[in-house]
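Participant: Next comes structure20.txt, compact mmCIF, C-alpha atoms:
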# COMPACT_ATOMS: atom_id res chain seq x y z
CA MET A 413 0.00 0.00 0.00
CA ALA A 414 1.42 3.39 -0.99
CA SER A 415 2.33 5.71 1.84
CA VAL A 416 1.36 9.37 1.90
CA LEU A 417 4.27 10.99 3.74
CA ARG A 418 4.15 14.59 4.89
CA GLN A 419 6.33 16.80 7.02
CA VAL A 420 4.38 17.31 10.22
CA GLU A 421 4.92 17.91 13.93
CA GLY A 422 4.62 14.75 15.99
CA SER A 423 1.76 16.16 18.06
CA ARG A 424 -0.25 17.02 14.96
CA ALA A 425 0.36 13.60 13.43
CA VAL A 426 -0.88 11.95 16.61
CA ALA A 427 -3.94 14.22 16.68
CA ASP A 428 -4.76 13.23 13.10
CA ALA A 429 -4.34 9.54 13.93
CA VAL A 430 -6.59 9.86 16.99
CA ALA A 431 -9.20 11.69 14.90
CA ARG A 432 -9.26 8.86 12.37
CA CYS A 433 -10.04 6.50 15.24
CA ARG A 434 -13.34 8.43 15.53
CA PRO A 435 -13.46 9.22 19.28
CA GLN A 436 -16.87 10.39 20.42
CA VAL A 437 -15.71 12.21 23.55
CA ILE A 438 -12.39 14.00 24.09
CA ALA A 439 -11.73 15.54 27.50
CA ALA A 440 -8.44 17.28 28.12
CA TYR A 441 -6.62 19.90 30.12
CA PRO A 442 -3.53 21.51 28.60
CA ILE A 443 -0.09 20.78 30.02
CA SER A 444 3.24 20.90 28.21
CA PRO A 445 4.30 19.02 26.19
CA GLN A 446 0.97 17.41 25.22
CA THR A 447 -0.91 20.66 24.56
CA HIS A 448 -0.47 20.68 20.78
CA ILE A 449 -2.21 17.30 20.54
CA VAL A 450 -5.42 18.37 22.24
CA GLU A 451 -5.33 21.82 20.60
CA ALA A 452 -5.27 20.18 17.17
CA LEU A 453 -8.11 17.85 18.14
CA SER A 454 -10.19 20.77 19.42
CA ASP A 455 -9.78 22.48 16.03
CA LEU A 456 -10.90 19.32 14.24
CA VAL A 457 -14.00 19.16 16.43
CA ARG A 458 -14.69 22.89 16.01
CA THR A 459 -14.52 22.73 12.21
CA GLY A 460 -16.64 19.60 12.04
CA GLU A 461 -13.86 17.49 10.53
CA LEU A 462 -14.13 15.24 13.58
CA ALA A 463 -17.81 14.56 14.07
CA PRO A 464 -19.76 13.44 15.91
CA CYS A 465 -17.47 14.21 18.80
CA GLU A 466 -17.91 16.24 21.98
CA TYR A 467 -14.82 18.12 23.17
CA LEU A 468 -14.94 18.82 26.88
CA MET A 469 -12.94 21.72 28.32
CA VAL A 470 -12.52 20.53 31.89
CA GLU A 471 -11.05 22.22 34.94
CA SER A 472 -8.17 19.80 35.60
CA GLU A 473 -6.48 16.61 34.50
CA PHE A 474 -8.42 14.75 37.18
CA GLY A 475 -11.59 16.11 35.58
CA ALA A 476 -10.39 15.05 32.13
CA LEU A 477 -9.94 11.40 33.03
CA SER A 478 -13.07 11.38 35.18
CA ALA A 479 -15.07 12.69 32.23
CA CYS A 480 -13.58 9.99 30.00
CA ILE A 481 -14.49 7.33 32.55
CA GLY A 482 -18.07 8.59 32.60
CA ALA A 483 -18.24 8.83 28.83
CA SER A 484 -16.80 5.35 28.34
CA ALA A 485 -19.18 3.89 30.92
CA ALA A 486 -22.06 5.49 29.00
CA GLY A 487 -20.94 3.79 25.77
CA ALA A 488 -18.73 6.37 24.05
CA ARG A 489 -15.25 5.95 22.59
CA ALA A 490 -13.20 8.25 24.85
CA TYR A 491 -9.73 9.80 24.63
CA THR A 492 -7.54 12.12 26.66
CA ALA A 493 -3.89 13.19 26.91
CA THR A 494 -1.62 14.45 29.65
CA ALA A 495 1.93 14.58 31.00
CA SER A 496 3.98 14.77 34.18
CA GLN A 497 2.15 16.43 37.09
CA GLY A 498 -1.05 16.16 35.07
CA LEU A 499 -0.76 12.37 35.13
CA LEU A 500 -0.16 12.51 38.87
CA PHE A 501 -3.26 14.68 39.28
CA MET A 502 -5.18 11.86 37.55
CA ALA A 503 -3.75 9.25 39.91
CA GLU A 504 -6.96 8.72 41.87
CA ALA A 505 -8.93 8.03 38.70
CA ILE A 506 -6.33 6.00 36.79
CA PRO A 507 -6.96 2.67 38.58
CA ASN A 508 -10.70 3.33 38.42
CA ALA A 509 -10.60 3.18 34.62
CA SER A 510 -8.73 -0.12 34.62
CA GLY A 511 -10.67 -1.56 37.54
CA LEU A 512 -13.93 -0.89 35.72
CA GLY A 513 -12.57 -2.37 32.49
CA LEU A 514 -13.15 0.80 30.47
CA PRO A 515 -11.34 1.09 27.10
CA VAL A 516 -10.10 4.67 27.46
CA VAL A 517 -7.04 5.64 25.37
CA MET A 518 -4.64 8.24 26.72
CA THR A 519 -1.50 9.81 25.29
CA VAL A 520 1.23 10.47 27.84
CA ALA A 521 3.75 12.98 26.48
CA ASN A 522 6.49 11.82 28.82
CA ARG A 523 7.94 14.54 31.01
CA ALA A 524 9.87 14.65 34.28
CA ILE A 525 8.01 15.11 37.55
CA GLY A 526 9.07 17.54 40.26
CA ALA A 527 10.42 18.81 42.45
CA PRO A 528 12.36 20.61 41.10
CA ILE A 529 10.07 21.74 38.29
CA ASN A 530 11.24 20.44 34.94
CA ILE A 531 9.27 20.41 31.69
CA TRP A 532 11.66 18.22 29.70
CA ASN A 533 11.56 14.55 28.88
CA ASP A 534 12.11 11.46 30.93
CA HIS A 535 9.86 8.52 31.84
CA SER A 536 9.17 9.32 35.51
CA ASP A 537 5.50 10.12 34.91
CA ALA A 538 4.43 6.91 33.18
CA MET A 539 6.60 4.80 35.48
CA SER A 540 4.78 6.20 38.50
CA GLN A 541 1.58 4.58 37.21
CA ARG A 542 3.06 1.32 35.94
CA ASP A 543 1.06 -0.81 38.39
CA ALA A 544 -2.30 0.89 37.85
CA GLY A 545 -3.64 -1.76 35.48
CA TRP A 546 -3.26 0.10 32.18
CA ILE A 547 -1.52 -1.28 29.12
CA GLN A 548 1.56 0.90 28.55
CA LEU A 549 3.07 1.18 25.07
CA PHE A 550 6.21 3.26 24.40
CA ALA A 551 6.87 4.81 20.98
CA GLU A 552 10.36 4.92 19.53
CA SER A 553 9.52 7.46 16.80
CA ASN A 554 6.71 9.72 15.69
CA GLN A 555 5.75 7.17 13.06
CA GLU A 556 5.42 4.53 15.74
CA ALA A 557 3.50 6.96 17.97
CA VAL A 558 0.95 7.36 15.17
CA ASP A 559 0.76 3.63 14.57
CA LEU A 560 0.48 2.76 18.26
CA HIS A 561 -2.49 5.07 18.75
CA VAL A 562 -4.48 3.20 16.11
CA GLN A 563 -3.49 -0.11 17.66
CA ALA A 564 -4.27 1.23 21.15
CA PHE A 565 -7.92 1.83 20.33
CA VAL A 566 -8.18 -1.67 18.82
CA LEU A 567 -6.55 -3.26 21.87
CA ALA A 568 -8.55 -1.24 24.38
CA GLU A 569 -11.86 -2.27 22.90
CA ARG A 570 -10.98 -5.91 22.27
CA LEU A 571 -9.69 -6.38 25.81
CA SER A 572 -11.90 -3.83 27.58
CA LEU A 573 -8.80 -2.29 29.16
CA PRO A 574 -7.44 1.27 29.11
CA VAL A 575 -4.24 1.95 27.15
CA MET A 576 -1.51 4.58 27.60
CA VAL A 577 0.54 5.45 24.53
CA CYS A 578 3.75 7.03 25.81
CA MET A 579 5.79 9.30 23.54
CA ASP A 580 8.79 11.34 24.60
CA GLY A 581 7.88 14.95 25.30
CA PHE A 582 9.42 17.56 22.99
CA VAL A 583 11.84 14.98 21.53
CA LEU A 584 8.89 13.48 19.63
CA THR A 585 5.88 15.69 20.32
CA HIS A 586 7.50 18.82 18.90
CA ALA A 587 9.75 17.27 16.26
CA VAL A 588 8.79 17.88 12.63
CA GLU A 589 9.53 14.95 10.35
CA GLU A 590 8.03 12.75 7.65
CA VAL A 591 5.11 10.75 9.00
CA ASP A 592 2.49 8.59 7.31
CA VAL A 593 -0.90 8.81 9.02
CA PRO A 594 -3.06 5.87 7.86
CA GLU A 595 -5.99 6.87 5.67
CA GLN A 596 -9.50 6.77 7.11
CA ASP A 597 -10.52 3.60 5.27
CA VAL A 598 -7.45 1.78 6.61
CA VAL A 599 -8.22 2.78 10.19
CA ASP A 600 -11.88 1.83 9.73
CA SER A 601 -10.84 -1.62 8.52
CA LEU A 602 -8.88 -2.15 11.73
CA LEU A 603 -11.22 -0.42 14.17
CA PRO A 604 -14.95 -1.16 13.86
CA PRO A 605 -17.56 1.05 15.56
CA PHE A 606 -17.35 0.88 19.33
CA VAL A 607 -19.70 -1.63 20.97
CA PRO A 608 -19.32 -1.38 24.77
CA ARG A 609 -19.32 -4.53 26.87
CA GLN A 610 -21.01 -2.71 29.73
CA VAL A 611 -23.02 0.46 29.46
CA LEU A 612 -24.93 2.78 31.76
CA ASP A 613 -28.39 3.11 30.25
CA PRO A 614 -31.34 4.76 32.03
CA ALA A 615 -33.64 2.34 30.23
CA ALA A 616 -31.85 -0.64 31.77
CA PRO A 617 -30.22 0.63 34.96
CA VAL A 618 -27.25 -1.21 36.46
CA THR A 619 -24.57 -0.35 38.98
CA ILE A 620 -20.90 -0.47 38.09
CA GLY A 621 -17.98 0.32 40.38
CA ALA A 622 -19.80 -0.80 43.51
CA MET A 623 -17.85 -1.45 46.70
CA VAL A 624 -16.37 -4.95 47.03
CA GLY A 625 -15.48 -6.36 50.43
CA PRO A 626 -12.80 -8.83 51.54
CA GLU A 627 -14.92 -11.79 50.43
CA ALA A 628 -14.33 -11.02 46.72
CA PHE A 629 -11.71 -8.26 46.36
CA THR A 630 -8.83 -10.69 45.78
CA GLU A 631 -10.79 -12.45 43.06
CA VAL A 632 -11.52 -9.14 41.32
CA LYS A 633 -7.81 -8.31 41.31
CA TYR A 634 -6.97 -11.82 40.09
CA LEU A 635 -9.28 -11.36 37.13
CA ALA A 636 -7.61 -8.01 36.39
CA ALA A 637 -4.24 -9.76 36.32
CA VAL A 638 -5.57 -12.44 33.98
CA GLN A 639 -6.98 -9.78 31.67
CA GLN A 640 -3.62 -8.01 31.56
CA LEU A 641 -1.89 -11.25 30.61
CA ARG A 642 -4.39 -11.72 27.79
CA ALA A 643 -2.97 -8.52 26.35
CA LEU A 644 0.38 -10.27 25.85
CA GLU A 645 -1.37 -12.55 23.38
CA GLU A 646 -3.44 -9.85 21.70
CA ILE A 647 -0.79 -7.14 21.20
CA PRO A 648 1.23 -9.16 18.64
CA VAL A 649 -2.01 -10.10 16.85
CA VAL A 650 -3.05 -6.47 16.49
CA ALA A 651 0.46 -5.48 15.39
CA GLU A 652 0.34 -8.13 12.64
CA GLU A 653 -3.10 -6.93 11.51
CA PHE A 654 -1.71 -3.40 11.33
CA THR A 655 1.22 -4.59 9.24
CA ARG A 656 -1.09 -6.34 6.79
CA ALA A 657 -3.24 -3.23 6.49
CA THR A 658 -0.43 -0.70 6.09
CA GLY A 659 2.60 -2.64 4.92
CA ARG A 660 4.49 -1.21 7.89
CA THR A 661 5.91 -3.12 10.86
CA SER A 662 5.08 -1.32 14.06
CA GLY A 663 4.11 -2.11 17.62
CA GLY A 664 4.30 -5.55 19.18
CA LEU A 665 5.89 -6.46 22.50
CA VAL A 666 9.63 -6.19 21.87
CA SER A 667 11.85 -5.86 18.82
CA ARG A 668 15.47 -6.79 18.22
CA TYR A 669 18.21 -4.99 16.34
CA ARG A 670 21.35 -6.88 15.28
CA THR A 671 21.14 -9.29 18.22
CA ASP A 672 21.71 -12.61 16.43
CA ASP A 673 25.34 -13.02 17.51
CA ALA A 674 25.49 -10.22 20.07
CA GLU A 675 27.53 -10.60 23.23
CA THR A 676 26.32 -7.23 24.55
CA VAL A 677 22.77 -5.93 24.20
CA VAL A 678 21.39 -2.50 25.11
CA VAL A 679 17.78 -2.54 26.32
CA ALA A 680 15.76 0.68 26.28
CA MET A 681 12.38 2.28 25.58
CA GLY A 682 11.36 5.35 23.63
CA SER A 683 13.20 7.74 21.37
CA VAL A 684 16.68 7.00 22.76
CA LEU A 685 16.65 3.84 20.64
CA GLY A 686 17.44 5.95 17.58
CA SER A 687 20.82 6.93 19.03
CA VAL A 688 21.38 3.45 20.46
CA LYS A 689 20.93 1.84 17.04
CA ASP A 690 23.33 4.32 15.46
CA VAL A 691 25.93 3.38 18.05
CA VAL A 692 25.29 -0.31 17.46
CA ASP A 693 25.99 0.23 13.75
CA GLU A 694 29.19 2.17 14.50
CA LEU A 695 30.48 -0.42 16.97
CA ARG A 696 29.62 -3.29 14.63
CA GLU A 697 31.94 -1.69 12.08
CA ASP A 698 34.63 -1.78 14.78
CA GLY A 699 34.04 -5.48 15.33
CA VAL A 700 32.05 -5.22 18.57
CA ARG A 701 29.30 -7.85 18.77
CA ILE A 702 26.51 -5.65 20.10
CA GLY A 703 22.78 -5.29 19.51
CA ALA A 704 19.71 -3.57 20.91
CA VAL A 705 16.32 -4.65 22.21
CA THR A 706 13.39 -2.25 22.15
CA VAL A 707 10.70 -2.77 24.78
CA THR A 708 7.51 -1.40 23.22
CA CYS A 709 5.09 -2.95 25.71
CA PHE A 710 6.16 -2.18 29.26
CA ARG A 711 2.88 -3.21 30.88
CA PRO A 712 2.01 -5.97 30.85
CA TRP A 713 5.66 -7.00 31.07
CA PRO A 714 6.57 -9.44 28.23
CA THR A 715 8.67 -11.83 30.31
CA ASP A 716 8.98 -14.64 27.77
CA GLU A 717 9.81 -12.32 24.88
CA VAL A 718 12.48 -10.43 26.83
CA ARG A 719 14.00 -13.68 28.08
CA GLU A 720 14.14 -15.06 24.55
CA ALA A 721 15.60 -11.83 23.12
CA LEU A 722 18.41 -11.87 25.70
CA ALA A 723 19.07 -15.62 25.76
CA GLY A 724 22.79 -16.40 25.73
CA VAL A 725 23.86 -12.75 25.95
CA GLU A 726 26.92 -12.18 28.14
CA ARG A 727 26.01 -8.70 29.31
CA VAL A 728 23.01 -6.39 29.14
CA ILE A 729 23.06 -2.61 29.48
CA VAL A 730 19.65 -1.25 30.48
CA LEU A 731 19.14 2.45 29.74
CA ASN A 732 16.51 3.83 32.12
CA ARG A 733 14.91 7.26 31.72
CA ALA A 734 13.61 7.07 35.31
CA PHE A 735 14.53 5.42 38.59
CA SER A 736 13.05 4.58 41.96
CA VAL A 737 14.69 6.76 44.61
CA GLY A 738 16.17 4.55 47.31
CA SER A 739 15.72 1.34 45.35
CA GLY A 740 16.90 1.15 41.75
CA THR A 741 15.24 1.31 38.38
CA MET A 742 11.98 -0.01 36.99
CA LEU A 743 12.93 -1.25 33.53
CA GLY A 744 16.25 -2.56 34.83
CA GLN A 745 14.65 -4.44 37.71
CA ASP A 746 12.17 -6.10 35.36
CA VAL A 747 14.98 -7.16 33.02
CA ARG A 748 17.08 -8.45 35.91
CA LEU A 749 14.16 -10.39 37.39
CA THR A 750 13.36 -11.87 33.99
CA LEU A 751 16.92 -13.13 33.57
CA THR A 752 17.33 -14.45 37.11
CA THR A 753 14.06 -16.42 37.09
CA ARG A 754 14.75 -18.61 34.10
CA ALA A 755 12.10 -20.65 32.36
CA PRO A 756 12.13 -24.40 33.12
CA SER A 757 14.59 -26.22 30.88
CA PRO A 758 15.49 -29.87 30.41
CA ALA A 759 19.17 -28.93 30.24
CA THR A 760 21.20 -30.33 33.13
CA VAL A 761 23.93 -27.70 32.90
CA PRO A 762 22.67 -24.21 33.77
CA ALA A 763 23.39 -21.44 31.30
CA PRO A 764 25.95 -18.86 32.45
CA ALA A 765 24.36 -15.88 34.16
CA THR A 766 23.89 -12.73 32.12
CA VAL A 767 25.44 -9.66 33.76
CA VAL A 768 23.01 -6.74 33.90
CA HIS A 769 24.31 -3.17 34.08
CA ASP A 770 21.58 -0.80 35.26
CA VAL A 771 22.10 2.73 33.94
CA VAL A 772 20.11 5.91 34.59
CA ALA A 773 20.28 8.31 31.65
CA GLY A 774 18.58 11.38 30.26
CA LEU A 775 16.72 12.57 33.35
CA GLY A 776 14.91 15.88 32.97
CA GLY A 777 15.73 16.11 29.28
CA ARG A 778 19.52 15.73 29.52
CA PRO A 779 20.61 14.54 26.06
CA VAL A 780 21.70 10.92 25.72
CA THR A 781 24.23 11.37 22.94
CA ARG A 782 25.89 8.80 20.72
CA ASP A 783 29.25 9.75 22.24
CA SER A 784 27.90 9.10 25.74
CA ILE A 785 26.49 5.72 24.71
CA ARG A 786 29.75 4.75 23.02
CA ALA A 787 31.69 5.73 26.15
CA LEU A 788 29.27 3.78 28.32
CA VAL A 789 29.67 0.62 26.22
CA ALA A 790 33.45 1.00 26.31
CA ALA A 791 33.38 1.39 30.09
CA VAL A 792 31.20 -1.70 30.49
CA LEU A 793 33.41 -3.79 28.21
CA GLY A 794 36.47 -2.51 30.05
CA GLY A 795 35.10 -3.60 33.42
CA GLU A 796 34.82 -0.03 34.69
CA VAL A 797 31.08 -0.22 35.51
CA ASP A 798 30.13 -2.20 38.61
CA PRO A 799 26.99 -4.26 37.81
CA ASP A 800 26.09 -4.25 41.51
CA ARG A 801 25.73 -0.47 41.64
CA LEU A 802 23.38 1.91 39.88
CA HIS A 803 25.28 3.85 37.24
CA PHE A 804 24.34 7.45 36.39
CA LEU A 805 25.37 8.38 32.85
CA ASP A 806 27.11 11.75 32.38
CA LEU A 807 26.88 12.64 36.06
CA ASP A 808 28.29 16.14 36.56
CA ARG A 809 30.27 15.82 39.78
CA SER A 810 31.08 19.54 39.86
CA LEU A 811 27.44 20.14 40.77
CA LEU A 812 27.76 17.80 43.74
CA GLU A 813 30.73 19.48 45.42
CA GLY A 814 30.03 20.17 49.06
CA GLU A 815 27.25 17.59 49.32
CA ASP A 816 27.48 15.10 52.17
CA LEU A 817 27.39 11.84 50.22
CA THR A 818 27.35 8.34 51.69
CA PRO A 819 30.19 6.00 50.69
CA ALA A 820 27.80 4.13 48.40
CA ALA A 821 26.71 7.36 46.72
CA LYS A 822 30.32 8.44 46.28
CA ASP A 823 31.03 5.15 44.51
CA ALA A 824 28.12 5.60 42.09
CA ARG A 825 29.38 6.49 38.64
As a first step, turn the structure in this file into C-alpha cells.

Facilitator:
Amino acid sequence: MASVLRQVEGSRAVADAVARCRPQVIAAYPISPQTHIVEALSDLVRTGELAPCEYLMVESEFGALSACIGASAAGARAYTATASQGLLFMAEAIPNASGLGLPVVMTVANRAIGAPINIWNDHSDAMSQRDAGWIQLFAESNQEAVDLHVQAFVLAERLSLPVMVCMDGFVLTHAVEEVDVPEQDVVDSLLPPFVPRQVLDPAAPVTIGAMVGPEAFTEVKYLAAVQQLRALEEIPVVAEEFTRATGRTSGGLVSRYRTDDAETVVVAMGSVLGSVKDVVDELREDGVRIGAVTVTCFRPWPTDEVREALAGVERVIVLNRAFSVGSGTMLGQDVRLTLTTRAPSPATVPAPATVVHDVVAGLGGRPVTRDSIRALVAAVLGGEVDPDRLHFLDLDRSLLEGEDLTPAAKDAR
C-alpha cells in the first residue's frame, strides 16, 4: 500500500491519527508538552472534521480522566492526553478506569516530575503509574507513535482495558519529520464502531464500580491480572493486523536490532533507541558484537519475549529514563528479574548468568548522545562499571561538590 508521507509535527500527526479513530468524547486539560495534541483535536472538532465528537474543556487533569471514565461507561469511545504532574493529578482516577474495564485511550507525552520543576523529557511520569492496570506502550519514533495510537484503540476495545501510549515529550511531540498517518478507510478496517461490553443506560439501569469487600476483592484483582496477561497474546495479533493493512511493521511487545550473535545488548524504551541503534551500527563496524532490544510494551511485562531476546547474551546494558529513589530502576529491575528467574529447561547444565548493568540516563531532558552511549559501552566492556551499583550516565560531579554523600553514593558512577 502506498504511503502518503508529509512533514508534520509529531503532536499534529498523533492528533490526526486519533481523529481517524473516531473518538466520540475528548476531555483534556492543557499541560506541556501534550498541549499541541489536544489543541489540534479541538480544532478538528470545532470545524466539524471530527464529528460526531464532543470536546470537553474541563477544569483539571483529574476532571479530564473522570469525564472519560463517565463517557466510556455510558458507551462512548473516549480519549484524553496528559503529561507529568497532570498524570499525577489523575492518579486517583487512573486505577478506576482499569478496575472498571473501560477502554479509554490516553496519550502520555512523557515529562519529568518535580520537584524541582522540569518540563523536559524522561519517563518518571508513566513509570509512577506502571502498576495501575493500564496497558503501557512506548513509541520509539513519531511514526510509531501514530501507529500505536491506532493499535491502542483496537486493543482497548478488544480487551476492555485502558491503554496509555507514551511518547517522549518535545523529543517526539515537537519534532517535525516525515510521518504517514493511515488513511481513514485503513483505520476503519482495523477499528470497527465501538460496541461497549457494559453500558450505563437509564432504560436498563445497572450499577458499576460498587464497593467490594474482603470476600471477593482478591478475586476481582486476580481477574484483572488475567486480563492483563491476555494482552500479551493480543498485542502481537493487532500489530500483525496493522502490518497487513499498512505494509508497515510497528508495535508488538519487543523488537530486536542486530542481536543474532550479540555478546552485549542494550535494552531501552522510547526515542533514545534511535541513538542506540546508530551506536550499534558504529560499533559493529569496529568489530564489537553488540545489539539492541526495544521494549515497546512495558505493561504488561513481556517476560517470555524479553528472556528469549536476551538468551545467551553475556552482558546487558539497560538504559533507564527514570529510577526509583532509594531502590533502583523499573525497567532494569524487570529485566534483571526476567533473567534471574529462568524458564524451566530440560538442560542439566545451567546457562551462564547474564550480567546486567543498570544505567540511569537522560533525566529531565539531559541529552543521551551517541558519544555518551559509546563511552558507556566502552566502560562496560572494560570492566569499569560495577553491575552491583546503579550507574548514572554523564553525572556532573562539579554540581555535587560540598554535598554530604554516603560512601555508596560516592562510589556511584

Participant: Please determine, counting all atoms listed in the file, which residue among A:Leu743, A:Leu805, A:Ala521, A:Met681 has the shortest atom-to-atom distance to Phe582 of chain A.

Facilitator: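 Between A:Leu743, A:Leu805, A:Ala521, A:Met681, the residue approaching Phe582 of chain A most closely is A:Ala521.
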
Participant: Determine, for each residue of segment 498-600 of chain A having at least one atom at most 8 Å from an atom of segment 433-440 of chain A, the closest pair of atoms and their separation in Å to one decimal, counting all atoms listed in the file; order by chain and ascending number, as a Markdown table.

Facilitator:
| residue | atom | partner | partner_atom | distance |
| --- | --- | --- | --- | --- |
| A:Val562 | CA | A:Cys433 | CA | 6.5 |
| A:Phe565 | CA | A:Cys433 | CA | 7.2 |
| A:Val599 | CA | A:Cys433 | CA | 6.5 |
| A:Asp600 | CA | A:Cys433 | CA | 7.5 |

Participant: Using Å and a single decimal, report how far atom CA of Phe474 of chain A sits from atom CA of Gly581 of chain A.

Facilitator: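 Computing it gives 20.2 Å between the two atoms.
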
Participant: Can you find the residues with an atom no farther than 8 Å from (23.1, -16.3, 24.3), counting only C-alpha atoms, and report them as JSON, numbers by chain?

Facilitator: {"A": [673, 674, 675, 722, 723, 724, 725, 726]}

Participant: Between atom CA of Glu720 of chain A and atom CA of Thr750 of chain A, what is the distance in Å, rounded to a tenth?

Facilitator: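 Taking atom CA of Glu720 of chain A and atom CA of Thr750 of chain A, their separation equals 10.0 Å.
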
Participant: Quick one: pull the distance between atom CA of Ala476 of chain A and atom CA of Ala495 of chain A, Å, one decimal.

Facilitator: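 Going from atom CA of Ala476 of chain A over to atom CA of Ala495 of chain A covers 12.4 Å.
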